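Data from structure-v3.cif: mmCIF, C-alpha atoms
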```cif
data_model
#
loop_
_atom_site.label_atom_id
_atom_site.label_comp_id
_atom_site.auth_asym_id
_atom_site.auth_seq_id
_atom_site.Cartn_x
_atom_site.Cartn_y
_atom_site.Cartn_z
CA MET A 459 -33.09 -19.81 -3.79
CA THR A 460 -30.69 -20.53 -0.95
CA THR A 461 -27.17 -21.83 -1.44
CA THR A 462 -23.77 -21.54 0.22
CA ASN A 463 -20.37 -20.54 -1.03
CA GLY A 464 -16.84 -21.58 -0.05
CA THR A 465 -16.90 -19.45 3.10
CA ASN A 466 -20.09 -21.07 4.44
CA VAL A 467 -22.00 -17.78 4.13
CA LYS A 468 -25.63 -18.37 3.17
CA ILE A 469 -26.89 -16.53 0.12
CA ALA A 470 -30.65 -16.12 0.48
CA ASN A 471 -32.89 -13.82 -1.52
CA ARG A 472 -30.03 -11.52 -2.52
CA ASN A 473 -29.14 -9.64 -5.68
CA LEU A 474 -26.21 -11.39 -7.33
CA ARG A 475 -23.67 -10.02 -9.79
CA ILE A 476 -21.83 -12.56 -11.94
CA ILE A 477 -18.51 -11.54 -13.50
CA ILE A 478 -16.77 -13.74 -16.07
CA GLU A 479 -13.11 -12.82 -16.50
CA ASN A 480 -10.87 -15.05 -18.60
CA ASP A 481 -11.52 -18.57 -17.27
CA GLU A 482 -12.72 -17.36 -13.85
CA ILE A 483 -16.32 -16.89 -12.77
CA GLN A 484 -16.93 -14.52 -9.83
CA VAL A 485 -20.23 -14.29 -7.96
CA HIS A 486 -20.63 -11.02 -6.02
CA TYR A 487 -23.36 -10.48 -3.45
CA ALA A 488 -24.03 -7.95 -0.68
CA PHE A 489 -24.24 -8.74 3.02
CA GLU A 490 -23.81 -6.75 6.20
CA LYS A 491 -20.39 -7.08 7.83
CA VAL A 492 -20.41 -7.72 11.55
CA CYS A 493 -17.23 -7.71 13.64
CA LYS A 494 -17.38 -8.75 17.29
CA ARG A 495 -13.65 -8.17 17.79
CA PRO A 496 -13.22 -5.23 20.22
CA HIS A 497 -10.85 -2.36 19.53
CA GLY A 498 -8.06 -1.24 21.85
CA GLU A 499 -7.94 1.72 24.21
CA GLU A 500 -4.89 3.70 23.00
CA THR A 501 -4.39 6.72 20.77
CA VAL A 502 -1.81 5.44 18.29
CA GLY A 503 0.33 7.37 15.81
CA VAL A 504 0.94 5.54 12.54
CA ASP A 505 3.51 6.06 9.82
CA LYS A 506 2.69 4.21 6.61
CA GLY A 507 5.49 2.77 4.55
CA LEU A 508 6.29 0.23 1.89
CA THR A 509 8.86 -2.05 3.54
CA GLU A 510 6.22 -2.65 6.18
CA ALA A 511 2.65 -1.33 6.08
CA PHE A 512 2.46 0.51 9.40
CA ALA A 513 5.00 1.70 11.98
CA THR A 514 3.23 2.63 15.23
CA THR A 515 3.82 4.45 18.49
CA THR A 516 3.24 1.12 20.23
CA ASN A 517 6.71 0.32 18.80
CA GLU A 518 5.38 -2.21 16.30
CA LEU A 519 6.16 -2.72 12.62
CA LEU A 520 2.98 -4.22 11.17
CA GLY A 521 2.58 -5.79 7.76
CA GLN A 522 6.22 -6.74 7.39
CA GLY A 523 6.91 -8.35 4.04
CA LEU A 524 4.84 -5.83 2.06
CA GLY A 525 7.91 -4.38 0.39
CA LYS A 526 9.23 -7.83 -0.52
CA LEU A 527 5.92 -8.70 -2.17
CA VAL A 528 5.83 -5.47 -4.15
CA PHE A 529 9.46 -5.54 -5.28
CA GLU A 530 9.36 -9.22 -6.32
CA TYR A 531 6.19 -8.69 -8.32
CA SER A 532 7.60 -5.53 -9.89
CA ASP A 533 10.81 -7.30 -10.91
CA ALA A 534 8.86 -10.24 -12.36
CA ILE A 535 6.55 -7.98 -14.39
CA THR A 536 9.48 -5.92 -15.67
CA GLU A 537 11.27 -9.09 -16.82
CA ILE A 538 8.14 -10.42 -18.53
CA TRP A 539 7.58 -7.17 -20.43
CA ARG A 540 11.21 -7.07 -21.47
CA GLY A 541 10.84 -10.56 -22.99
CA ARG A 542 7.49 -9.70 -24.58
CA ASN A 543 8.94 -6.64 -26.27
CA LYS A 544 11.64 -8.81 -27.86
CA LEU A 545 9.05 -11.33 -29.05
CA ARG A 546 6.82 -8.56 -30.42
CA ALA A 547 9.76 -7.16 -32.39
CA LEU A 548 10.49 -10.66 -33.70
CA ALA A 549 6.87 -11.13 -34.78
CA GLU A 550 6.98 -7.81 -36.64
CA ARG A 551 10.18 -8.86 -38.39
CA TYR A 552 8.63 -12.17 -39.45
CA GLU A 553 5.62 -10.22 -40.74
CA LYS A 554 7.83 -8.06 -42.93
CA GLU A 555 9.68 -11.13 -44.20
CA GLY A 556 6.40 -12.73 -45.22
CA LYS A 557 6.57 -15.42 -42.51
CA THR A 558 2.98 -14.81 -41.45
CA GLU A 559 2.46 -18.19 -39.77
CA LYS A 560 5.46 -17.71 -37.46
CA ALA A 561 4.36 -14.19 -36.61
CA ASN A 562 0.83 -15.35 -35.80
CA ASN A 563 2.12 -18.21 -33.63
CA ILE A 564 4.17 -15.78 -31.54
CA ARG A 565 1.20 -13.46 -31.07
CA LEU A 566 -1.13 -16.35 -30.23
CA ASN A 567 1.13 -18.26 -27.83
CA ASN A 568 3.45 -15.66 -26.33
CA LEU A 569 1.72 -12.28 -26.24
CA GLY A 570 -1.54 -13.08 -24.45
CA THR A 571 -2.58 -11.60 -21.10
CA LYS A 572 -3.80 -14.68 -19.21
CA LYS A 573 -0.52 -15.26 -17.34
CA LEU A 574 -0.19 -11.58 -16.48
CA ASP A 575 -3.80 -11.39 -15.28
CA ASN A 576 -3.31 -14.42 -13.02
CA MET A 577 -0.09 -12.99 -11.59
CA ARG A 578 -1.76 -9.65 -10.90
CA ARG A 579 -4.73 -11.34 -9.23
CA ARG A 580 -2.49 -13.45 -6.94
CA PHE A 581 -0.35 -10.43 -6.06
CA ARG A 582 -3.34 -8.25 -5.20
CA THR A 583 -4.89 -10.98 -3.06
CA LYS A 584 -1.64 -11.43 -1.09
CA VAL A 585 -1.26 -7.68 -0.54
CA ARG A 586 -4.86 -7.24 0.60
CA ASN A 587 -4.59 -10.18 3.02
CA LEU A 588 -1.34 -8.83 4.50
CA LEU A 589 -2.80 -5.32 4.89
CA CYS A 590 -6.00 -6.64 6.48
CA LYS A 591 -4.05 -8.59 9.10
CA ALA A 592 -1.85 -5.56 9.82
CA ALA A 593 -4.86 -3.25 10.15
CA HIS A 594 -6.63 -5.63 12.55
CA LYS A 595 -3.51 -5.86 14.74
CA LEU A 596 -3.41 -2.08 14.80
CA MET A 597 -7.07 -1.87 15.85
CA ASP A 598 -6.40 -4.40 18.64
CA ARG A 599 -4.36 -1.64 20.34
CA ALA A 600 -6.07 1.52 19.12
CA CYS A 601 -9.34 3.35 19.66
CA VAL A 602 -7.97 6.43 17.84
CA ILE A 603 -5.49 6.29 14.97
CA VAL A 604 -3.47 9.38 14.08
CA VAL A 605 -2.05 9.20 10.57
CA GLU A 606 -0.74 11.48 7.87
CA ASP A 607 -2.90 12.08 4.81
CA LEU A 608 -3.55 8.60 3.39
CA SER A 609 -3.77 9.89 -0.16
CA GLY A 610 -0.21 11.15 0.04
CA PHE A 611 3.11 9.69 -1.05
CA ILE A 612 4.18 6.32 0.31
CA LYS A 613 7.67 6.38 1.76
CA GLY A 614 10.06 3.56 1.08
CA LYS A 615 12.56 2.25 -1.43
CA SER A 616 12.37 3.89 -4.85
CA LEU A 617 10.36 1.72 -7.21
CA GLY A 618 11.52 3.17 -10.48
CA ARG A 619 9.50 3.89 -13.59
CA LYS A 620 5.99 3.47 -15.00
CA THR A 621 5.11 -0.05 -13.78
CA ASN A 622 6.43 0.68 -10.32
CA ARG A 623 4.63 4.01 -10.06
CA ARG A 624 1.37 2.24 -10.87
CA LEU A 625 2.13 -0.37 -8.20
CA ARG A 626 2.90 2.30 -5.62
CA THR A 627 -0.36 4.10 -6.41
CA TRP A 628 -2.39 0.89 -6.18
CA VAL A 629 -0.83 -0.18 -2.84
CA LYS A 630 -1.40 3.32 -1.45
CA GLY A 631 -5.07 3.19 -2.44
CA VAL A 632 -5.63 -0.28 -0.99
CA MET A 633 -3.88 0.70 2.24
CA GLN A 634 -6.22 3.67 2.63
CA GLU A 635 -9.30 1.64 1.71
CA ILE A 636 -8.56 -1.24 4.11
CA LEU A 637 -7.57 0.97 7.04
CA GLU A 638 -10.74 3.04 6.73
CA GLU A 639 -12.96 -0.01 6.18
CA ILE A 640 -11.66 -1.92 9.21
CA ALA A 641 -11.67 1.22 11.37
CA ALA A 642 -15.36 1.71 10.55
CA LEU A 643 -16.06 -1.97 11.18
CA ARG A 644 -14.41 -1.89 14.60
CA ASP A 645 -15.57 1.61 15.57
CA VAL A 646 -12.08 3.12 15.61
CA ARG A 647 -11.66 6.83 14.84
CA ILE A 648 -9.08 7.98 12.27
CA VAL A 649 -7.60 11.48 12.66
CA ILE A 650 -5.55 12.85 9.78
CA VAL A 651 -2.73 15.32 10.47
CA ASN A 652 -0.20 17.21 8.39
CA GLY A 653 2.54 14.81 7.29
CA ALA A 654 5.14 17.35 6.10
CA TYR A 655 8.69 16.66 7.33
CA THR A 656 7.64 13.88 9.73
CA SER A 657 10.58 11.79 8.48
CA GLN A 658 13.15 14.55 9.04
CA THR A 659 11.95 15.68 12.48
CA ASP A 660 13.23 14.26 15.76
CA SER A 661 10.22 13.13 17.80
CA GLN A 662 12.03 13.98 21.06
CA THR A 663 12.76 17.61 20.20
CA GLY A 664 10.18 18.40 17.49
CA ALA A 665 13.02 19.96 15.49
CA PHE A 666 15.55 19.16 12.76
CA THR A 667 18.02 17.82 15.30
CA GLY A 668 18.80 14.52 13.64
CA GLU A 669 19.28 12.83 10.29
CA ARG A 670 17.48 9.98 8.57
CA LYS A 671 19.64 7.46 6.72
CA GLY A 672 17.66 4.59 5.24
CA ASP A 673 15.60 2.96 7.99
CA ARG A 674 17.62 4.56 10.80
CA PHE A 675 17.25 7.97 12.42
CA TYR A 676 20.39 9.40 14.05
CA ARG A 677 19.60 11.81 16.86
CA GLU A 678 21.80 14.71 17.86
CA ASN A 679 22.35 13.12 21.29
CA GLY A 680 23.82 9.99 19.69
CA ASP A 681 20.76 7.75 19.91
CA ILE A 682 19.88 5.64 16.86
CA VAL A 683 16.22 4.66 16.40
CA HIS A 684 14.08 3.11 13.67
CA ALA A 685 13.22 5.94 11.26
CA ASP A 686 9.61 4.91 10.69
CA LEU A 687 8.93 4.51 14.43
CA ASN A 688 10.39 7.97 15.01
CA ALA A 689 8.09 9.34 12.27
CA ALA A 690 5.08 7.65 13.90
CA PHE A 691 5.77 9.55 17.15
CA VAL A 692 6.13 12.82 15.22
CA ILE A 693 2.76 12.14 13.56
CA LEU A 694 1.16 11.49 16.95
CA LEU A 695 2.55 14.78 18.33
CA ARG A 696 0.97 16.65 15.40
CA LEU A 697 -2.41 15.80 16.93
CA TRP A 698 -1.74 18.29 19.75
CA ASP A 699 0.49 20.75 17.87
CA PRO A 700 -1.21 24.19 17.94
CA GLU A 701 1.02 25.63 15.20
CA ILE A 702 1.06 22.92 12.51
CA THR A 703 -2.44 22.42 11.15
CA ARG A 704 -3.60 19.73 8.76
CA TYR A 705 -3.89 21.85 5.60
CA MET A 706 -0.83 24.02 6.19
CA GLY A 707 1.61 24.10 3.26
CA TYR A 708 4.89 22.26 3.60
CA ARG A 709 6.90 25.51 3.31
CA GLU A 710 5.11 26.96 6.32
CA VAL A 711 5.65 23.71 8.23
CA LYS A 712 9.36 23.86 7.42
CA LYS A 713 9.64 27.44 8.72
CA ILE A 714 8.00 26.46 12.02
CA ILE A 715 10.31 23.47 12.52
CA GLU A 716 13.38 25.51 11.55
CA ALA A 717 12.40 28.13 14.13
CA ARG A 718 12.14 25.40 16.77
CA THR A 719 15.52 24.07 15.70
CA ALA A 720 17.12 27.49 16.05
#
```
Output the structure of this file as structure tokens.
Amino acid sequence: MTTTNGTNVKIANRNLRIIIENDEIQVHYAFEKVCKRPHGEETVGVDKGLTEAFATTTNELLGQGLGKLVFEYSDAITEIWRGRNKLRALAERYEKEGKTEKANNIRLNNLGTKKLDNMRRRFRTKVRNLLCKAAHKLMDRACVIVVEDLSGFIKGKSLGRKTNRRLRTWVKGVMQEILEEIAALRDVRIVIVNGAYTSQTDSQTGAFTGERKGDRFYRENGDIVHADLNAAFVILLRLWDPEITRYMGYREVKKIIEARTA
């Protein structure tokens, strides 16, 4: 059987997987990805963040708007759960008072997951699209990408408690997945370096000779630069640093940088 889907990709003699979730039917099938878009020629240091996806040593902030997406979704989910908790308490009160019909109506009409599932699906699609575009722009300049450990902590505005921690973890995972996938697709090499104290180190001196305040880095000489761009240059320098190795503990890294500062 041969048919086509919404992207005009022919499906011929393939194994299909059909997933039915809520009112949505998904048809999954395997095909070989081919990308004719060439990669760049530079070795680029990258600092990952949450306000924007990637700050690079080509002085670009890629994936701007990521933080706005995450914070708006987080705020909306928090507000929804706050309202749902009130309704759940009301339903329990009605139950105790013997008003079973009212309690059941609340549970049936106000405590379902369809709205939440749709919101989550739209949010994840937007984030993935934004990260894919940012990663492709990065590959347009780079043949080698130098980055701190992608499984590490994402820098950026504090996201708060449980819901926000889950969001941060999910975005971090998708960022890693997309960067690695597109790098493999476009034949770009990823080199991982030690990311300890990259935000506190001055890229010009390699020492603690400055201070980060928000998205600004104040150098000892009076210069003020974007903090994430400064961190990207520090990450790039780690590629050639003979003393700071990838798996070195952060305490050892701190001692080395303090010695350079002294």
Output of the PyMOL selection byres ((chain A and resi 646) around 10), listed as a list of chain:residue names: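 When the PyMOL selection byres ((chain A and resi 646) around 10) is applied to the shown file, the picked residues are A:Pro496, A:His497, A:Gly498, A:Glu499, A:Thr501, A:Met597, A:Asp598, A:Ala600, A:Cys601, A:Val602, A:Ile603, A:Leu637, A:Glu638, A:Glu639, A:Ile640, A:Ala641, A:Ala642, A:Leu643, A:Arg644, A:Asp645, A:Arg647, A:Ile648, A:Val649.
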Would you list the contacts of Ile650 (chain A) as a count of residues only, taking every protein, DNA or RNA residue within 7 Å and counting only C-alpha atoms, but skipping same-chain residues closer than 3 positions in sequence? 4
Residues near region 511-528 of chain A, anyone? I mean within 10 Å using all atoms listed in the file, not counting same-chain ones fewer than 6 positions away, as a tab-separated table (two decimals) with C-alpha atoms, keeping the file's coordinate frame.
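This went into part-v3.tsv:
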```
chain	number	residue	atom	x	y	z
A	500	GLU	CA	-4.89	3.70	23.00
A	501	THR	CA	-4.39	6.72	20.77
A	502	VAL	CA	-1.81	5.44	18.29
A	503	GLY	CA	0.33	7.37	15.81
A	504	VAL	CA	0.94	5.54	12.54
A	505	ASP	CA	3.51	6.06	9.82
A	534	ALA	CA	8.86	-10.24	-12.36
A	581	PHE	CA	-0.35	-10.43	-6.06
A	582	ARG	CA	-3.34	-8.25	-5.20
A	584	LYS	CA	-1.64	-11.43	-1.09
A	585	VAL	CA	-1.26	-7.68	-0.54
A	586	ARG	CA	-4.86	-7.24	0.60
A	587	ASN	CA	-4.59	-10.18	3.02
A	588	LEU	CA	-1.34	-8.83	4.50
A	589	LEU	CA	-2.80	-5.32	4.89
A	590	CYS	CA	-6.00	-6.64	6.48
A	591	LYS	CA	-4.05	-8.59	9.10
A	592	ALA	CA	-1.85	-5.56	9.82
A	593	ALA	CA	-4.86	-3.25	10.15
A	594	HIS	CA	-6.63	-5.63	12.55
A	595	LYS	CA	-3.51	-5.86	14.74
A	596	LEU	CA	-3.41	-2.08	14.80
A	599	ARG	CA	-4.36	-1.64	20.34
A	600	ALA	CA	-6.07	1.52	19.12
A	603	ILE	CA	-5.49	6.29	14.97
A	604	VAL	CA	-3.47	9.38	14.08
A	605	VAL	CA	-2.05	9.20	10.57
A	612	ILE	CA	4.18	6.32	0.31
A	614	GLY	CA	10.06	3.56	1.08
A	615	LYS	CA	12.56	2.25	-1.43
A	617	LEU	CA	10.36	1.72	-7.21
A	622	ASN	CA	6.43	0.68	-10.32
A	625	LEU	CA	2.13	-0.37	-8.20
A	626	ARG	CA	2.90	2.30	-5.62
A	629	VAL	CA	-0.83	-0.18	-2.84
A	630	LYS	CA	-1.40	3.32	-1.45
A	633	MET	CA	-3.88	0.70	2.24
A	684	HIS	CA	14.08	3.11	13.67
A	685	ALA	CA	13.22	5.94	11.26
A	686	ASP	CA	9.61	4.91	10.69
A	687	LEU	CA	8.93	4.51	14.43
A	688	ASN	CA	10.39	7.97	15.01
A	689	ALA	CA	8.09	9.34	12.27
A	690	ALA	CA	5.08	7.65	13.90
A	691	PHE	CA	5.77	9.55	17.15
A	692	VAL	CA	6.13	12.82	15.22
A	693	ILE	CA	2.76	12.14	13.56
A	694	LEU	CA	1.16	11.49	16.95
```
Excluding same-chain residues fewer than 6 positions from Ala654 (chain A), what lies within 8 Å of it counting all atoms listed in the file, as JSON, numbers by chain? {"A": [708, 711, 712]}
Please write the residues picked by the PyMOL selection byres ((chain A and resi 662) around 10) on this file as number ranges by chain. A: 659-661, 663-665, 667, 677, 688, 691-692, 695
Using only C-alpha atoms, which of the listed residues (A:Asn563, A:Ser657, A:Thr719, A:Thr583) sits closest to Asp673 (chain A)? A:Ser657
Hey, which of A:Arg670, A:Asn568, A:Arg540, A:Ile714 ends up closest to Val683 (chain A)? Count all atoms listed in the file.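 Nearest to Val683 (chain A): A:Arg670.
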What lies within 7 Å of Tyr552 (chain A) using all atoms listed in the file, ignoring chain neighbours under 6 positions off, as a ChimeraX atom specification? /A:558,560-561
What does the distance from CA of Leu545 (chain A) to CA of Arg578 (chain A) come to in Å, to one decimal? 21.2 Å
Output the residue selection produced by the PyMOL selection byres ((chain A and resi 571) around 12) on the file above, formatted as a ChimeraX atom specification. /A:479-481,535,538-539,542,565-570,572-578
Distance of CA of Asn652 (chain A) from CA of Leu697 (chain A), expressed in Å to one decimal place: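 Distance reported for this atom pair: 8.9 Å.
Between CA of Lys494 (chain A) and CA of Gly507 (chain A) the interatomic distance comes to 28.6 Å.
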Nearest candidate to Leu508 (chain A) (options A:Trp628, A:Gly653, A:Glu537, A:Arg546; using only C-alpha atoms):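 Using only C-alpha atoms, Leu508 (chain A) sits closest to A:Trp628.
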Return the single residue from A:Asn543, A:Arg580, A:Glu510, A:Val651 that is closest to Trp698 (chain A), with distances computed using only C-alpha atoms.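 Closest candidate: A:Val651.
Among the candidates A:Lys554, A:Gly680, A:Ile715, A:Ser532, the one nearest to Asp699 (chain A) when counting all atoms listed in the file is A:Ile715.
Of the residues listed (A:Ile564, A:Gly672, A:Ile682, A:Arg718), A:Arg718 shows the shortest atom-to-atom separation from Glu701 (chain A); distances use only C-alpha atoms.
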